[in-house]
Amino acid sequence: MFKNTELFTYCYLGSKCDQKTVLEKTGIKKYVEIKNKSSCICAICGRTDMQYAVEFDRLFSDSFGEYSQFAGIQHDNKYVCPYCVFAIRDENRKLLGFITVADALKEEFKLIPIVGKEKAKQISGGLTKRQAFEKFFSLPEELQNQYLMVAFNRLGKKGTHFIHKAVVNIIQADSFYFTVNNEVFFFDRMKMKSLLDLIDEYKEKNPKTKTWSYYFVLEYLTSKEPLKGDFTNEFKILKILEI
């Protein structure tokens, strides 16, 4: 099973790379070789098989306020693995999000960036937030038994480090987990589709709502009468993604 920053790195680069090569691609010159691997844990992802690493203090200042979200920080670890170093680069903080797809057997790795509307026109393969949500419905069908990560940065605010919070899924059914910054959501394709069908039906009967987002129609609809079934999770997904 891949760690999240490891999977992101492979998909960003398009192939698996050894740890030294990954570090070289970050441009960082000062790193250490780990002699005793069993006694060294990555401060961010918690991996225990580091061959090379960068000192934690070289990457973060004392004013950084998200230490508690790092898996290995509670052990007072001083080093960060090459994959986490690659993932926390400033350019990755600017992403609205990403979808990664990996076939471990074929060693095929792909990264789909989620970006703003203007950048989506400029970046080959880039998706807007709305386009990414629409792709959610085909992902489980396309990716049987492959590794998948879907993660969004903190929405509506300045970007932050979010890749190390992503959930690695092995796609086997019509559902998967995704993250929005540090919050985890469960996406059930069939359940969400039935809810959107209900909303579309309502929009069709009420012309004034045709241009509304799914979330606003749902909010209006539920103010009139309760829905049949529990769509609390789906309601929250539409709201937080502003779909």
# chains A, B, ... in the order shown; residues from 1 in each chain; ligands from 1
>>> closest_atom_pairs(of="range 162-216 of chain A", to="range 133-140 of chain A", cutoff="7 Å", atoms="only C-alpha atoms", output="JSON lines")
{"residue": "A:Ile171", "atom": "CA", "partner": "A:Pro140", "partner_atom": "CA", "distance": 6.0}
{"residue": "A:Ala173", "atom": "CA", "partner": "A:Pro140", "partner_atom": "CA", "distance": 6.1}
{"residue": "A:Asp174", "atom": "CA", "partner": "A:Pro140", "partner_atom": "CA", "distance": 5.3}
{"residue": "A:Ser175", "atom": "CA", "partner": "A:Pro140", "partner_atom": "CA", "distance": 6.6}
{"residue": "A:Arg189", "atom": "CA", "partner": "A:Phe137", "partner_atom": "CA", "distance": 5.7}
>>> write_last_selection(atoms="N, CA and C atoms", output="mmCIF file, in the first residue's frame")
data_model
loop_
_atom_site.group_PDB
_atom_site.id
_atom_site.type_symbol
_atom_site.label_atom_id
_atom_site.label_comp_id
_atom_site.auth_asym_id
_atom_site.auth_seq_id
_atom_site.Cartn_x
_atom_site.Cartn_y
_atom_site.Cartn_z
ATOM 1 N N ILE A 171 -9.816 0.987 -5.459
ATOM 2 C CA ILE A 171 -11.155 1.019 -6.023
ATOM 3 C C ILE A 171 -11.661 -0.386 -6.315
ATOM 4 N N ALA A 173 -15.454 -0.828 -5.762
ATOM 5 C CA ALA A 173 -16.913 -0.708 -5.810
ATOM 6 C C ALA A 173 -17.302 0.710 -6.220
ATOM 7 N N ASP A 174 -18.553 1.074 -6.002
ATOM 8 C CA ASP A 174 -19.068 2.374 -6.424
ATOM 9 C C ASP A 174 -18.895 3.456 -5.367
ATOM 10 N N SER A 175 -17.781 3.449 -4.680
ATOM 11 C CA SER A 175 -17.590 4.440 -3.628
ATOM 12 C C SER A 175 -16.105 4.633 -3.347
ATOM 13 N N ARG A 189 -21.410 6.720 -5.226
ATOM 14 C CA ARG A 189 -21.829 7.151 -6.558
ATOM 15 C C ARG A 189 -23.330 6.984 -6.782
#
>>> residues_around(residues="Thr5 in chain A", least_positions_apart="3", cutoff="8 Å", atoms="only C-alpha atoms", output="PyMOL selection string")
chain A and resi 8-9+45+83-84+86-87+163-164
>>> residues_around(residues="Lys94 in chain A", least_positions_apart="3", cutoff="12 Å", atoms="only C-alpha atoms", output="mmCIF file with C-alpha atoms, in the first residue's frame")
data_model
loop_
_atom_site.group_PDB
_atom_site.id
_atom_site.type_symbol
_atom_site.label_atom_id
_atom_site.label_comp_id
_atom_site.auth_asym_id
_atom_site.auth_seq_id
_atom_site.Cartn_x
_atom_site.Cartn_y
_atom_site.Cartn_z
ATOM 1 C CA ALA A 87 4.632 16.949 -1.780
ATOM 2 C CA ILE A 88 4.987 20.005 0.471
ATOM 3 C CA ARG A 89 6.678 22.190 -2.155
ATOM 4 C CA ASP A 90 5.128 25.651 -2.485
ATOM 5 C CA GLU A 91 3.853 25.004 -6.018
ATOM 6 C CA GLY A 97 -6.831 19.790 -5.551
ATOM 7 C CA PHE A 98 -5.903 16.693 -7.541
ATOM 8 C CA PRO A 113 -4.750 18.635 -11.332
ATOM 9 C CA ILE A 114 -7.867 20.452 -10.102
ATOM 10 C CA VAL A 115 -7.484 24.151 -10.880
ATOM 11 C CA GLY A 116 -9.458 27.351 -11.428
ATOM 12 C CA LYS A 119 -6.006 27.625 -15.564
ATOM 13 C CA PHE A 152 -9.064 19.282 -2.353
ATOM 14 C CA ASN A 153 -7.104 22.085 -0.779
ATOM 15 C CA ARG A 154 -8.684 24.405 1.761
ATOM 16 C CA LEU A 155 -11.479 25.985 -0.295
ATOM 17 C CA LYS A 157 -8.875 30.606 1.402
ATOM 18 C CA LYS A 158 -5.154 30.702 0.828
ATOM 19 C CA GLY A 159 -3.863 27.232 0.050
ATOM 20 C CA THR A 160 -2.146 25.101 2.641
ATOM 21 C CA HIS A 161 -0.309 21.782 2.896
ATOM 22 C CA PHE A 162 -3.012 19.211 2.185
ATOM 23 C CA ILE A 163 -1.476 16.302 0.263
#
>>> atom_distance(atom1="CA of Lys208 in chain A", atom2="CA of Arg130 in chain A")
21.5 Å
>>> select_by_dssp(residues="range 123-182 of chain A", states="strand (DSSP E or B)", output="list in words")
Leu127, Tyr147, Leu148, Met149, Val150, Ala151, Phe152, Asn169, Ile170, Ser175, Phe176, Tyr177, Phe178, Thr179 and Val180 of chain A
